[in-house]
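Structure data follow from entry.cif (mmCIF, C-alpha atoms):
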data_start
loop_
_atom_site.label_atom_id
_atom_site.label_comp_id
_atom_site.auth_asym_id
_atom_site.auth_seq_id
_atom_site.Cartn_x
_atom_site.Cartn_y
_atom_site.Cartn_z
CA MET A 1 -11.49 -115.01 185.04
CA VAL A 2 -8.25 -115.19 186.97
CA GLY A 3 -6.45 -116.62 183.93
CA GLY A 4 -7.73 -113.81 181.75
CA LEU A 5 -6.65 -111.18 184.25
CA LEU A 6 -3.27 -112.89 184.57
CA SER A 7 -2.72 -112.98 180.82
CA ALA A 8 -3.84 -109.35 180.52
CA GLY A 9 -1.40 -108.40 183.26
CA ILE A 10 1.41 -110.28 181.55
CA ALA A 11 0.56 -108.60 178.24
CA LEU A 12 0.57 -105.19 179.93
CA LEU A 13 3.89 -105.94 181.63
CA SER A 14 5.47 -107.12 178.38
CA PHE A 15 4.15 -104.05 176.59
CA GLY A 16 5.58 -101.88 179.33
CA GLU A 17 8.93 -103.61 178.95
CA PHE A 18 8.81 -103.16 175.18
CA PHE A 19 7.88 -99.51 175.59
CA GLY A 20 10.73 -98.95 178.04
CA ASP A 21 13.26 -100.63 175.77
CA MET A 22 12.18 -98.59 172.78
CA MET A 23 12.38 -95.47 174.92
CA ILE A 24 15.98 -96.28 175.85
CA ALA A 25 16.88 -96.86 172.19
CA LEU A 26 15.18 -93.59 171.23
CA LYS A 27 17.07 -91.74 173.97
CA ILE A 28 20.35 -93.14 172.64
CA PHE A 29 19.48 -91.91 169.15
CA VAL A 30 18.59 -88.46 170.50
CA LEU A 31 21.85 -88.38 172.47
CA MET A 32 23.80 -89.21 169.31
CA THR A 33 21.94 -86.47 167.45
CA ILE A 34 22.88 -83.95 170.16
CA ILE A 35 26.53 -85.08 170.15
CA SER A 36 26.71 -84.87 166.37
CA PHE A 37 25.07 -81.43 166.31
CA VAL A 38 27.33 -79.91 168.97
CA VAL A 39 30.54 -81.45 167.60
CA MET A 40 29.66 -80.31 164.09
CA HIS A 41 29.29 -76.72 165.27
CA LEU A 42 31.96 -76.44 167.97
CA GLY A 43 34.37 -79.27 167.30
CA LYS A 44 35.81 -81.48 170.03
CA GLY A 45 36.74 -79.50 173.12
CA PRO A 46 35.78 -78.78 176.72
CA LEU A 47 33.06 -76.32 175.74
CA SER A 48 31.38 -78.83 173.45
CA ILE A 49 31.48 -81.49 176.19
CA ILE A 50 29.87 -79.09 178.67
CA LEU A 51 27.22 -78.18 176.11
CA ILE A 52 26.55 -81.84 175.29
CA ILE A 53 26.06 -82.64 178.97
CA GLY A 54 23.80 -79.65 179.53
CA ILE A 55 21.63 -80.14 176.47
CA SER A 56 21.43 -83.88 177.06
CA TRP A 57 20.29 -83.36 180.64
CA PHE A 58 17.68 -80.85 179.52
CA VAL A 59 16.39 -82.91 176.60
CA LEU A 60 16.72 -86.48 177.86
CA PHE A 61 15.67 -86.06 181.47
CA ASP A 62 13.88 -82.79 182.17
CA TYR A 63 11.58 -82.46 179.16
CA TRP A 64 11.85 -85.90 177.55
CA TYR A 65 8.14 -86.36 176.86
CA PHE A 66 8.19 -83.14 174.87
CA PHE A 67 11.43 -83.62 172.96
CA GLY A 68 10.91 -87.35 172.39
CA GLY A 69 7.67 -86.71 170.58
CA ILE A 70 9.23 -83.89 168.61
CA TYR A 71 12.15 -86.11 167.61
CA VAL A 72 9.85 -88.90 166.42
CA LEU A 73 7.74 -86.37 164.51
CA MET A 74 10.86 -84.87 162.95
CA MET A 75 12.12 -88.28 161.84
CA LEU A 76 8.75 -89.22 160.35
CA LEU A 77 8.47 -85.91 158.51
CA MET A 78 12.03 -86.33 157.27
CA PHE A 79 11.12 -89.69 155.79
CA GLY A 80 8.10 -88.26 154.00
CA VAL A 81 5.05 -89.07 156.10
CA ALA A 82 3.54 -85.72 155.15
CA GLY A 83 3.44 -86.82 151.52
CA ILE A 84 1.57 -89.96 152.49
CA LEU A 85 -0.97 -87.97 154.49
CA VAL A 86 -1.46 -85.51 151.64
CA ASP A 87 -1.91 -88.39 149.20
CA PHE A 88 -4.35 -90.15 151.50
CA PHE A 89 -6.53 -87.26 152.60
CA PHE A 90 -6.33 -84.67 149.82
CA VAL A 91 -5.09 -85.95 146.48
CA PHE A 92 -6.80 -89.32 146.47
CA PRO A 93 -10.33 -88.04 147.37
CA GLY A 94 -9.91 -85.43 144.64
CA PHE A 95 -9.19 -88.20 142.17
CA MET A 96 -12.05 -90.29 143.43
CA GLY A 97 -14.65 -87.53 143.30
CA GLY A 98 -13.27 -86.05 140.12
CA GLY A 99 -13.27 -82.66 141.83
CA GLY A 100 -15.90 -81.37 139.40
CA GLN A 101 -13.30 -81.45 136.66
CA THR A 102 -13.01 -83.32 133.44
CA GLN A 103 -11.11 -86.39 132.44
CA GLU A 104 -8.33 -84.10 131.24
CA ALA A 105 -8.02 -82.69 134.73
CA GLN A 106 -7.75 -86.14 136.20
CA VAL A 107 -5.08 -87.52 133.91
CA GLY A 108 -3.45 -84.45 132.37
CA SER A 109 -0.56 -82.49 133.71
CA THR A 110 -2.33 -79.18 133.05
CA GLY A 111 -4.89 -79.88 135.75
CA GLY A 112 -7.89 -79.09 133.54
CA MET A 113 -6.60 -75.70 132.54
CA LEU A 114 -7.68 -76.12 128.93
CA SER A 115 -11.24 -77.02 129.87
CA ARG A 116 -11.42 -74.07 132.26
CA MET A 117 -10.11 -71.74 129.55
CA HIS A 118 -12.82 -72.99 127.21
CA LYS A 119 -15.42 -72.70 129.92
CA PHE A 120 -14.68 -69.10 130.82
CA GLY A 121 -13.84 -67.92 127.31
CA ALA A 122 -10.23 -67.02 127.80
CA PRO A 123 -8.39 -65.17 125.01
CA GLY A 124 -6.43 -67.41 122.74
CA THR A 125 -8.97 -70.17 122.79
CA GLY A 126 -11.21 -68.61 120.19
CA GLN A 127 -13.99 -68.29 122.73
CA ALA A 128 -13.59 -64.68 123.89
CA GLY A 129 -16.77 -62.66 123.53
CA ARG A 130 -18.86 -65.64 122.63
CA PRO A 131 -21.56 -67.15 124.75
CA ARG A 132 -20.25 -69.68 127.18
CA MET A 133 -20.04 -73.23 125.98
CA PRO A 134 -21.81 -75.90 127.95
CA PRO A 135 -19.45 -77.68 130.31
CA PRO A 136 -17.54 -80.47 128.62
CA MET A 137 -18.90 -83.94 129.27
CA MET B 1 -18.67 -88.54 151.43
CA ASN B 2 -19.58 -92.20 151.27
CA GLU B 3 -21.71 -91.90 148.15
CA SER B 4 -18.93 -93.19 145.96
CA GLY B 5 -17.74 -95.80 148.47
CA MET B 6 -14.90 -93.67 149.80
CA VAL B 7 -15.04 -95.02 153.35
CA GLN B 8 -14.83 -98.61 152.20
CA ILE B 9 -11.87 -97.82 149.98
CA PHE B 10 -10.16 -95.97 152.84
CA VAL B 11 -10.65 -99.01 155.06
CA ILE B 12 -9.27 -101.32 152.37
CA ILE B 13 -6.25 -99.07 151.87
CA LEU B 14 -5.59 -98.96 155.62
CA ALA B 15 -5.89 -102.76 155.84
CA VAL B 16 -3.45 -103.26 152.97
CA LEU B 17 -1.00 -100.76 154.49
CA ALA B 18 -1.22 -102.57 157.85
CA LEU B 19 -0.59 -105.88 156.10
CA ILE B 20 2.44 -104.45 154.30
CA ILE B 21 3.78 -103.08 157.58
CA VAL B 22 3.33 -106.40 159.43
CA LEU B 23 4.69 -108.46 156.53
CA PRO B 24 8.41 -108.40 157.58
CA ALA B 25 7.57 -109.88 160.97
CA LEU B 26 5.44 -112.59 159.37
CA VAL B 27 8.23 -113.46 156.95
CA MET B 28 10.75 -113.57 159.79
CA ILE B 29 8.51 -115.91 161.78
CA THR B 30 7.79 -118.28 158.90
CA ILE B 31 11.26 -118.35 157.28
CA PRO B 32 14.20 -118.74 159.70
CA ALA B 33 16.77 -117.74 157.07
CA ALA B 34 14.94 -114.45 156.54
CA ASP B 35 15.09 -113.90 160.29
CA ILE B 36 18.87 -114.24 160.29
CA ILE B 37 19.32 -112.11 157.18
CA MET B 38 17.11 -109.35 158.58
CA ARG B 39 19.04 -109.37 161.86
CA ILE B 40 22.33 -109.04 159.96
CA ILE B 41 20.90 -106.15 157.93
CA LEU B 42 19.74 -104.46 161.14
CA ILE B 43 23.18 -104.87 162.72
CA PHE B 44 24.83 -103.32 159.67
CA LEU B 45 22.32 -100.47 159.68
CA ILE B 46 22.77 -99.74 163.39
CA PHE B 47 26.56 -99.78 163.22
CA THR B 48 26.60 -97.58 160.11
CA THR B 49 24.17 -95.12 161.69
CA VAL B 50 26.14 -94.87 164.93
CA ARG B 51 29.42 -94.50 163.09
CA GLY B 52 27.89 -91.75 160.98
CA TYR B 53 26.80 -89.90 164.11
CA ILE B 54 29.88 -90.10 166.31
CA GLY B 55 32.65 -91.49 164.11
CA ASN B 56 35.00 -94.41 164.67
CA GLY B 57 36.06 -95.33 168.16
CA ILE B 58 35.32 -97.31 171.27
CA LEU B 59 32.28 -95.22 172.11
CA SER B 60 30.76 -96.02 168.76
CA ILE B 61 31.22 -99.75 169.32
CA LEU B 62 29.75 -99.51 172.82
CA ILE B 63 26.66 -97.60 171.70
CA SER B 64 26.25 -99.96 168.75
CA GLY B 65 26.37 -102.90 171.14
CA VAL B 66 23.69 -101.43 173.39
CA LEU B 67 21.44 -100.64 170.44
CA ILE B 68 22.03 -104.07 168.89
CA TYR B 69 21.07 -105.72 172.17
CA TYR B 70 17.85 -103.78 172.49
CA LEU B 71 16.81 -103.65 168.85
CA VAL B 72 18.17 -106.83 167.26
CA ILE B 73 18.39 -109.37 170.07
CA LYS B 74 15.52 -108.32 172.32
CA HIS B 75 12.93 -106.95 169.88
CA PRO B 76 13.87 -108.09 166.37
CA PHE B 77 10.35 -108.16 164.94
CA ALA B 78 9.47 -104.63 165.98
CA SER B 79 12.81 -103.38 164.72
CA ALA B 80 12.33 -105.14 161.38
CA ILE B 81 8.86 -103.63 161.04
CA ILE B 82 10.18 -100.16 161.83
CA TYR B 83 13.12 -100.58 159.47
CA VAL B 84 11.12 -101.86 156.51
CA ALA B 85 8.14 -99.55 157.01
CA ILE B 86 10.00 -96.33 157.72
CA PHE B 87 13.48 -96.59 156.28
CA PHE B 88 12.68 -98.66 153.22
CA LEU B 89 9.11 -98.22 152.04
CA LEU B 90 8.57 -94.67 153.26
CA THR B 91 11.82 -93.42 151.77
CA LEU B 92 11.02 -94.97 148.40
CA GLN B 93 7.46 -93.56 148.43
CA VAL B 94 5.95 -97.02 148.12
CA PHE B 95 2.95 -96.12 150.25
CA SER B 96 1.87 -93.43 147.78
CA VAL B 97 1.98 -96.00 145.00
CA VAL B 98 -0.10 -98.39 147.10
CA ILE B 99 -2.68 -95.73 147.92
CA PHE B 100 -3.05 -94.66 144.30
CA GLY B 101 -2.97 -98.20 142.99
CA ILE B 102 -5.72 -99.48 145.27
CA GLY B 103 -7.81 -96.35 144.89
CA MET B 104 -7.64 -96.22 141.11
CA GLY B 105 -8.09 -99.98 140.87
CA LEU B 106 -11.24 -99.98 142.98
CA ARG B 107 -12.63 -96.86 141.38
CA LYS B 108 -14.21 -98.76 138.50
CA PHE B 109 -16.27 -101.00 140.84
#
Written as structure tokens, how would this file's structure read?
Amino acid sequence: MVGGLLSAGIALLSFGEFFGDMMIALKIFVLMTIISFVVMHLGKGPLSIILIIGISWFVLFDYWYFFGGIYVLMMLLMFGVAGILVDFFFVFPGFMGGGGQTQEAQVGSTGGMLSRMHKFGAPGTGQAGRPRMPPPM
Amino acid sequence: MNESGMVQIFVIILAVLALIIVLPALVMITIPAADIIMRIILIFLIFTTVRGYIGNGILSILISGVLIYYLVIKHPFASAIIYVAIFFLLTLQVFSVVIFGIGMGLRKF
């Protein structure tokens, strides 16, 4: 019992240390981003130094838990996490279920347009004015 | 939703993605040479990134040293995981390939 609690406490402490170290590294990266942004827009001068100090104080100390999360989110989005989420939650289930479309829709670049044109009798497909064809198998 | 085994395939995909993410740390633990090589790559990456942000100078070397201490010396496995998962695989869209490959491969079963 005591050993388990001790090991859990050690694990929590080591996780806290890891979390703190990663937070320091993240703050350094945010500070470099701020420096780069201000210097790129204003150059090196007294005004840019004052702005760097002010923005850094505001971002790194006053509202860090807001801006830290936003920075991590921005980095992840910049590296293309949104594409992964879209693939995982939207595109892949559509492929799995077939989406009520045909094999052409699943493998073709037209997204089943030809089968839909046949289905709804679009002009140019030779089906206009005719009774609707049964859905393609 | 689970009529076609979607939940199981989602779980398999998540497990494979987790394995891919943890793989650099496993390789670093099992192969000491890979550990050293990965640390060197991380040092190069950190110094290049810092130099790209604030240019050449003493400040750049100082910040690089702090980051190298925290990321390479103190927590090398976590840094390797973050580097490989985010900078390498995510940039090259490998995860999309994995998701589609597993999904389309398991679809026939």
Compile a residue-level contact table for chain B against chain A at a cut-off of 8 Å, reporting for every qualifying residue the shortest atom pair and its distance in Å to one decimal, with only C-alpha atoms counted, rows ordered by chain and ascending number, as a Markdown table.
| residue | atom | partner | partner_atom | distance |
| --- | --- | --- | --- | --- |
| B:Ser4 | CA | A:Gly97 | CA | 7.6 |
| B:Met6 | CA | A:Pro93 | CA | 7.6 |
| B:Val50 | CA | A:Met32 | CA | 7.5 |
| B:Tyr53 | CA | A:Ser36 | CA | 5.5 |
| B:Ile54 | CA | A:Ser36 | CA | 6.1 |
| B:Ile63 | CA | A:Ile28 | CA | 7.8 |
| B:Leu67 | CA | A:Ala25 | CA | 6.2 |
| B:Tyr70 | CA | A:Asp21 | CA | 6.5 |
| B:Leu71 | CA | A:Ala25 | CA | 7.6 |
| B:His75 | CA | A:Phe18 | CA | 7.7 |
| B:Ile86 | CA | A:Phe79 | CA | 7.0 |
| B:Phe87 | CA | A:Phe79 | CA | 7.3 |
| B:Leu90 | CA | A:Phe79 | CA | 6.1 |
| B:Thr91 | CA | A:Phe79 | CA | 5.5 |
| B:Gln93 | CA | A:Gly80 | CA | 7.7 |
| B:Phe95 | CA | A:Ile84 | CA | 6.7 |
| B:Ser96 | CA | A:Ile84 | CA | 5.9 |
| B:Ile99 | CA | A:Phe88 | CA | 6.8 |
| B:Phe100 | CA | A:Phe92 | CA | 6.9 |
| B:Gly103 | CA | A:Phe92 | CA | 7.3 |
| B:Met104 | CA | A:Met96 | CA | 7.7 |
| B:Arg107 | CA | A:Met96 | CA | 6.9 |
Taking the file as shown, find all residues satisfying the PyMOL selection byres ((chain B and resi 79) around 10) and write them as a PyMOL selection string.
(chain A and resi 22) or (chain B and resi 24-25+38-39+42+70-78+80-85)
What gap, in Å, lies between CA of Leu42 (chain A) and CA of Ile58 (chain B)?
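Distance reported for this atom pair: 21.4 Å.
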Taking the file as shown, find all residues satisfying the PyMOL selection byres ((chain B and resi 14) around 12) and write them as a list in words.
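That expression, the PyMOL selection byres ((chain B and resi 14) around 12), corresponds here to Ile84, Leu85 and Phe88 of chain A; Val7, Gln8, Ile9, Phe10, Val11, Ile12, Ile13, Ala15, Val16, Leu17, Ala18, Leu19, Ile20, Ile21, Phe95, Val98, Ile99, Ile102 and Gly103 of chain B.
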Any chance you could resolve the PyMOL selection byres ((chain A and resi 56) around 10) against this file and give the residues as a ChimeraX atom specification?
/A:27,30-35,50-55,57-62,64
Quick one: axis-aligned box around all listed atoms of region 71-74 of chain B, 4 Å on every side, centre and edge lengths in Å to one decimal, written as AutoDock Vina command-line options.
--center_x 17.0 --center_y -106.5 --center_z 169.8 --size_x 10.9 --size_y 13.7 --size_z 13.1
Å distance separating CA of Lys44 (chain A) from CA of Ser64 (chain B), one decimal place:
20.8 Å
d(CA of Phe15 (chain A), CA of Gly68 (chain A)) in Å
18.5 Å
